[in-house]
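Notes follow once the structure below has been shown.
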Amino acid sequence: MSPLLQTELTRRLGCQYPIIQTAMGWVSDANLVIATTKGGGFGFLAGATIEASRLEGEIQKVIDATGGSNFGLNFHMFQENAMQCVELAIKYRLKAVSYGRGPDKKTIARLKAAGVLCIPTVGAVKHAIKAVELGADMITIQGSEGGGHTGGVPTTILLPQVLDAVDVPVIAAGGYSTGRGLASALAAGAAGIAMGTRFMMTSDSPTPQLTLERYLAVQDPQKIRVTLAVDGMRHRMVENAFIHKLEGASPLRKLWIALSSARQWKRETGMTFGHMVSTFFKAVKEDPAQMSQVVMSANQPVLLQRSMVQGFPDEGILPSGQVAAAINELISAPELIASIAGDAETCLEALCARANGQALEEAS
Ligand SMILES: Cc1cc2nc3c(=O)[nH]c(=O)nc-3n(C[C@H](O)[C@H](O)[C@H](O)COP(=O)(O)O)c2cc1C
């Protein structure tokens, strides 16, 4: 194994390559994490969308298949079962947890004391500094080109800023899919890369075929853009009929779309038609703009499931990094990791050879 790819990330996380598969709602399940682990990368389970009753089973599934707990769990403190995630990470001595809205200092200290590394994802320098103050062991930066909820600063600007600002290893995310990308991140000083979209677009991803075909069909990175229409936050996704409908709708119409999608797609939430209509009229009296946002945000999981689980890409949302426009094939996660590692090694060897050649020239 090339020493060029051995970093603080591989050392601390105990994986072969400095390549992380991030947590993606309804995508990063046990099977994807198993494939990533077997391929020599480090995978995170999407603890925010795995049902609380199934979470421990998913963790055990990865442990059974990989023979250890060299993987991570992602969660956010706003989810109902956040503390269950913390307890399970400690119980199974998982190698790491990742989070956006993270736990308090005391909980972070508990995780660390149990040997669980805390690796938050941030989109701004000030959040990186704050996360380190709270105890983060490493930081993942996500540049604005990244998929799902994302900040406004591109990876090429954010990575060097955060590398300068903190003294823990920094992992680069947002826009990566190639060995050249990994080589550039390592050359800049990152400990490795983390990828969401690229792992979602593998044959180990549980994403339905029709939805994956929609991702593969996108050729123009401008068509993978940020919208505020779903929950009022910056959310990068592939433009589709649903997003057009949402963005073009008046606040009232938006509210109606949100409520009817909740009724149509999530009968199990128990929302009856009567309740939907009464909520609608109540909101009309108050502030429809605010209300539609609240309902839409609560509805987000439903909108995601329609496309990402049930396979109707035009009836839900398609979170994606801009890098999807540069991806044309689905290969397995181990094949992906091997090819990225091999190409990165070639790039870095060429860089070293160039530096050595210049040194020799100068010496002669
Ligand atoms: C389909 C999809 C779903 C995602 N879901 C989550 C999530 O549930 N929690 C989270 O912290 N990040 C989520 N993300 C963000 C990724 O974990 C990761 O930070 C991002 O994809 C990195 O940028 P990239 O897509 O350019 O690789 C999601 C991203 C995608 C593409």
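Each chain in the structure tokens gets a letter, A, B and so on, in the order shown; residues start at 1 in every chain, and ligands are counted from 1 in the order they appear.
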
Interface rows for chain A against ligand 1: nearest pair, Å to one decimal, 6 Å, only C-alpha atoms and all ligand atoms, as JSON lines:
{"residue": "A:Thr22", "atom": "CA", "partner": "ligand 1", "partner_atom_place_in_ligand_line": "17 (O)", "distance": 4.4}
{"residue": "A:Ala23", "atom": "CA", "partner": "ligand 1", "partner_atom_place_in_ligand_line": "17 (O)", "distance": 4.4}
{"residue": "A:Met24", "atom": "CA", "partner": "ligand 1", "partner_atom_place_in_ligand_line": "5 (N)", "distance": 3.3}
{"residue": "A:Gly25", "atom": "CA", "partner": "ligand 1", "partner_atom_place_in_ligand_line": "8 (O)", "distance": 3.6}
{"residue": "A:Ala46", "atom": "CA", "partner": "ligand 1", "partner_atom_place_in_ligand_line": "8 (O)", "distance": 5.9}
{"residue": "A:Ala48", "atom": "CA", "partner": "ligand 1", "partner_atom_place_in_ligand_line": "8 (O)", "distance": 5.9}
{"residue": "A:Tyr99", "atom": "CA", "partner": "ligand 1", "partner_atom_place_in_ligand_line": "11 (O)", "distance": 6.0}
{"residue": "A:Gly100", "atom": "CA", "partner": "ligand 1", "partner_atom_place_in_ligand_line": "11 (O)", "distance": 5.8}
{"residue": "A:Gln142", "atom": "CA", "partner": "ligand 1", "partner_atom_place_in_ligand_line": "19 (O)", "distance": 5.9}
{"residue": "A:Glu145", "atom": "CA", "partner": "ligand 1", "partner_atom_place_in_ligand_line": "26 (O)", "distance": 5.8}
{"residue": "A:Gly146", "atom": "CA", "partner": "ligand 1", "partner_atom_place_in_ligand_line": "23 (O)", "distance": 3.3}
{"residue": "A:Gly147", "atom": "CA", "partner": "ligand 1", "partner_atom_place_in_ligand_line": "25 (O)", "distance": 3.8}
{"residue": "A:Gly148", "atom": "CA", "partner": "ligand 1", "partner_atom_place_in_ligand_line": "29 (C)", "distance": 4.3}
{"residue": "A:Ala173", "atom": "CA", "partner": "ligand 1", "partner_atom_place_in_ligand_line": "22 (C)", "distance": 5.1}
{"residue": "A:Gly174", "atom": "CA", "partner": "ligand 1", "partner_atom_place_in_ligand_line": "26 (O)", "distance": 3.5}
{"residue": "A:Gly175", "atom": "CA", "partner": "ligand 1", "partner_atom_place_in_ligand_line": "26 (O)", "distance": 3.7}
{"residue": "A:Tyr176", "atom": "CA", "partner": "ligand 1", "partner_atom_place_in_ligand_line": "27 (O)", "distance": 5.6}
{"residue": "A:Met195", "atom": "CA", "partner": "ligand 1", "partner_atom_place_in_ligand_line": "27 (O)", "distance": 3.6}
{"residue": "A:Gly196", "atom": "CA", "partner": "ligand 1", "partner_atom_place_in_ligand_line": "21 (O)", "distance": 3.4}
{"residue": "A:Thr197", "atom": "CA", "partner": "ligand 1", "partner_atom_place_in_ligand_line": "25 (O)", "distance": 3.9}
{"residue": "A:Arg198", "atom": "CA", "partner": "ligand 1", "partner_atom_place_in_ligand_line": "27 (O)", "distance": 6.0}
{"residue": "A:Pro319", "atom": "CA", "partner": "ligand 1", "partner_atom_place_in_ligand_line": "1 (C)", "distance": 4.5}
{"residue": "A:Ser320", "atom": "CA", "partner": "ligand 1", "partner_atom_place_in_ligand_line": "31 (C)", "distance": 3.9}
{"residue": "A:Gly321", "atom": "CA", "partner": "ligand 1", "partner_atom_place_in_ligand_line": "25 (O)", "distance": 3.8}
{"residue": "A:Val323", "atom": "CA", "partner": "ligand 1", "partner_atom_place_in_ligand_line": "26 (O)", "distance": 5.8}

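Shell of range 65-81 of chain A at 6 Å, with only C-alpha atoms counted and residues fewer than 2 places along the chain excluded, is A:Phe42, A:Gly43, A:Phe44, A:Leu45, A:Ala46, A:Gly47, A:Ala48, A:Val62, A:Ile63, A:Met83, A:Gln84, A:Leu94, A:Lys95, A:Ala96, A:Val97, A:Ser98, A:Tyr99, A:Gly100, A:Arg101, A:Gly102.
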
Item to check | Contact residues around Thr207 in chain A with only C-alpha atoms at 7 Å, ignoring same-chain residues under 3 positions, as a PyMOL selection string | outcome: chain A and resi 27+211-212+308-309

Go ahead and dump the residues you just picked, C-alpha atoms, as an mmCIF file, in the first residue's frame.
data_model
loop_
_atom_site.group_PDB
_atom_site.id
_atom_site.type_symbol
_atom_site.label_atom_id
_atom_site.label_comp_id
_atom_site.auth_asym_id
_atom_site.auth_seq_id
_atom_site.Cartn_x
_atom_site.Cartn_y
_atom_site.Cartn_z
ATOM 1 C CA VAL A 27 -29.129 5.601 0.792
ATOM 2 C CA THR A 211 -34.135 7.240 -9.885
ATOM 3 C CA LEU A 212 -30.493 6.325 -10.530
ATOM 4 C CA MET A 308 -35.211 7.636 -3.222
ATOM 5 C CA VAL A 309 -37.106 4.599 -1.920
#

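Around Ser332 in chain A, within 9 Å and counting only C-alpha atoms, the residues found are Ala35, Phe199, Met201, Thr202, Ser203, Asp204 and Ser205 of chain A, once anything fewer than 6 positions away on its own chain is removed.
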
Generate a file of the selected residues that holds N, CA and C atoms, formatted as a PDB file, in the first residue's frame.
ATOM      1  N   ALA A  35     -20.232  -2.735   1.818  1.00  0.00           N
ATOM      2  CA  ALA A  35     -19.466  -2.703   0.552  1.00  0.00           C
ATOM      3  C   ALA A  35     -18.296  -1.726   0.662  1.00  0.00           C
ATOM      4  N   PHE A 199     -21.016   7.765  -4.085  1.00  0.00           N
ATOM      5  CA  PHE A 199     -21.371   6.466  -3.524  1.00  0.00           C
ATOM      6  C   PHE A 199     -22.841   6.139  -3.770  1.00  0.00           C
ATOM      7  N   MET A 201     -24.307   6.853  -6.407  1.00  0.00           N
ATOM      8  CA  MET A 201     -24.342   6.384  -7.793  1.00  0.00           C
ATOM      9  C   MET A 201     -23.385   5.198  -7.984  1.00  0.00           C
ATOM     10  N   THR A 202     -23.582   4.166  -7.160  1.00  0.00           N
ATOM     11  CA  THR A 202     -22.843   2.910  -7.345  1.00  0.00           C
ATOM     12  C   THR A 202     -23.855   1.775  -7.398  1.00  0.00           C
ATOM     13  N   SER A 203     -23.380   0.620  -7.818  1.00  0.00           N
ATOM     14  CA  SER A 203     -24.301  -0.531  -7.881  1.00  0.00           C
ATOM     15  C   SER A 203     -24.586  -1.090  -6.495  1.00  0.00           C
ATOM     16  N   ASP A 204     -23.911  -0.603  -5.460  1.00  0.00           N
ATOM     17  CA  ASP A 204     -24.205  -1.051  -4.092  1.00  0.00           C
ATOM     18  C   ASP A 204     -25.223  -0.157  -3.400  1.00  0.00           C
ATOM     19  N   SER A 205     -25.647   0.895  -4.094  1.00  0.00           N
ATOM     20  CA  SER A 205     -26.598   1.824  -3.499  1.00  0.00           C
ATOM     21  C   SER A 205     -28.011   1.238  -3.586  1.00  0.00           C
TER      22      SER A 205
END

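Distance-wise, CA of Ala30 in chain A and CA of Glu239 in chain A end up 28.5 Å apart.
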
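Shortest atom-to-atom contact with Leu303 in chain A among A:Trp26, A:Gly189, A:Glu87, A:Pro154: A:Trp26, counting only C-alpha atoms.
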
Next on the checklist: Among range 2-246 of chain A, which ones does DSSP assign to strand (DSSP E) (computed from the backbone)? Answer as a ChimeraX atom specification.
Outcome noted: /A:19-21,42-46,72-74,96-98,117-118,121-122,139-142,148-149,170-173,192-195,224-227,235-238

Item to check | Residue among A:Ala82, A:Val116, A:Leu88, A:Leu210 lying closest to Gly57 in chain A, counting only C-alpha atoms | outcome: A:Leu88

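Taking CA of Leu304 in chain A as the reference point, CA of Pro208 in chain A is found at 12.2 Å.
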
Item to check | alpha helix (DSSP H) call set, DSSP backbone run, range 5-217 of chain A, as a PyMOL selection string | outcome: chain A and resi 8-13+30-38+52-66+82-91+105-113+125-134+155-165+179-188+197-200+209-217

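Of the residues listed (A:Leu318, A:Ala359, A:Leu216, A:Cys347), A:Cys347 shows the shortest atom-to-atom separation from Ala185 in chain A; distances use only C-alpha atoms.
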
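In this comparison, which uses only C-alpha atoms, the residue of A:Leu5, A:Ile224, A:Ile141, A:Val302 approaching Met237 in chain A most closely is A:Ile224.
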
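Distances here use only C-alpha atoms; by that measure, the residue among A:Ile90, A:Ile139, A:Leu159, A:Ala217 closest to Asn328 in chain A is A:Ala217.
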
Checklist entry - Counting only C-alpha atoms, what is within 9 Å of range 125-135 of chain A, bar same-chain residues fewer than 5 positions away, as number ranges by chain? => result A: 102-106, 108-109, 112, 118-120, 140-141, 158-159, 161-162, 165-168

Can I get the selected residues back with C-alpha atoms, as a tab-separated table (two decimals), in the first residue's frame?
chain	number	residue	atom	x	y	z
A	102	GLY	CA	-24.16	18.11	17.05
A	103	PRO	CA	-24.43	17.03	20.67
A	104	ASP	CA	-23.26	19.20	23.59
A	105	LYS	CA	-19.75	19.19	24.99
A	106	LYS	CA	-20.62	16.65	27.69
A	108	ILE	CA	-19.12	14.62	22.90
A	109	ALA	CA	-16.79	13.94	25.85
A	112	LYS	CA	-14.69	10.33	23.01
A	118	CYS	CA	-16.47	12.76	16.64
A	119	ILE	CA	-16.38	14.02	13.04
A	120	PRO	CA	-18.92	16.80	12.36
A	140	THR	CA	-15.36	17.27	7.40
A	141	ILE	CA	-15.86	20.39	5.35
A	158	LEU	CA	-13.47	26.43	2.27
A	159	LEU	CA	-10.85	23.67	2.48
A	161	GLN	CA	-9.58	28.29	5.07
A	162	VAL	CA	-10.47	25.49	7.49
A	165	ALA	CA	-8.10	27.69	11.09
A	166	VAL	CA	-8.10	24.39	13.01
A	167	ASP	CA	-5.49	22.00	14.32
A	168	VAL	CA	-7.36	18.72	13.81

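If you look at CA of Glu349 in chain A and CA of Gly181 in chain A, they are 14.5 Å away from each other.
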
Item to check | Gly192 in chain A surroundings by only C-alpha atoms, 8 Å radius, close-in-sequence under 5 positions cut, as a VMD selection string | outcome: chain A and resid 7 9 18 to 20 170 to 172 182 185 to 186

Checklist entry - Near Gln6 in chain A, counting only C-alpha atoms, which residues have an atom at most 10 Å away, once you skip same-chain residues fewer than 4 positions from it, shown as a PyMOL selection string? => result chain A and resi 1-2+10-11+15-18+191-192
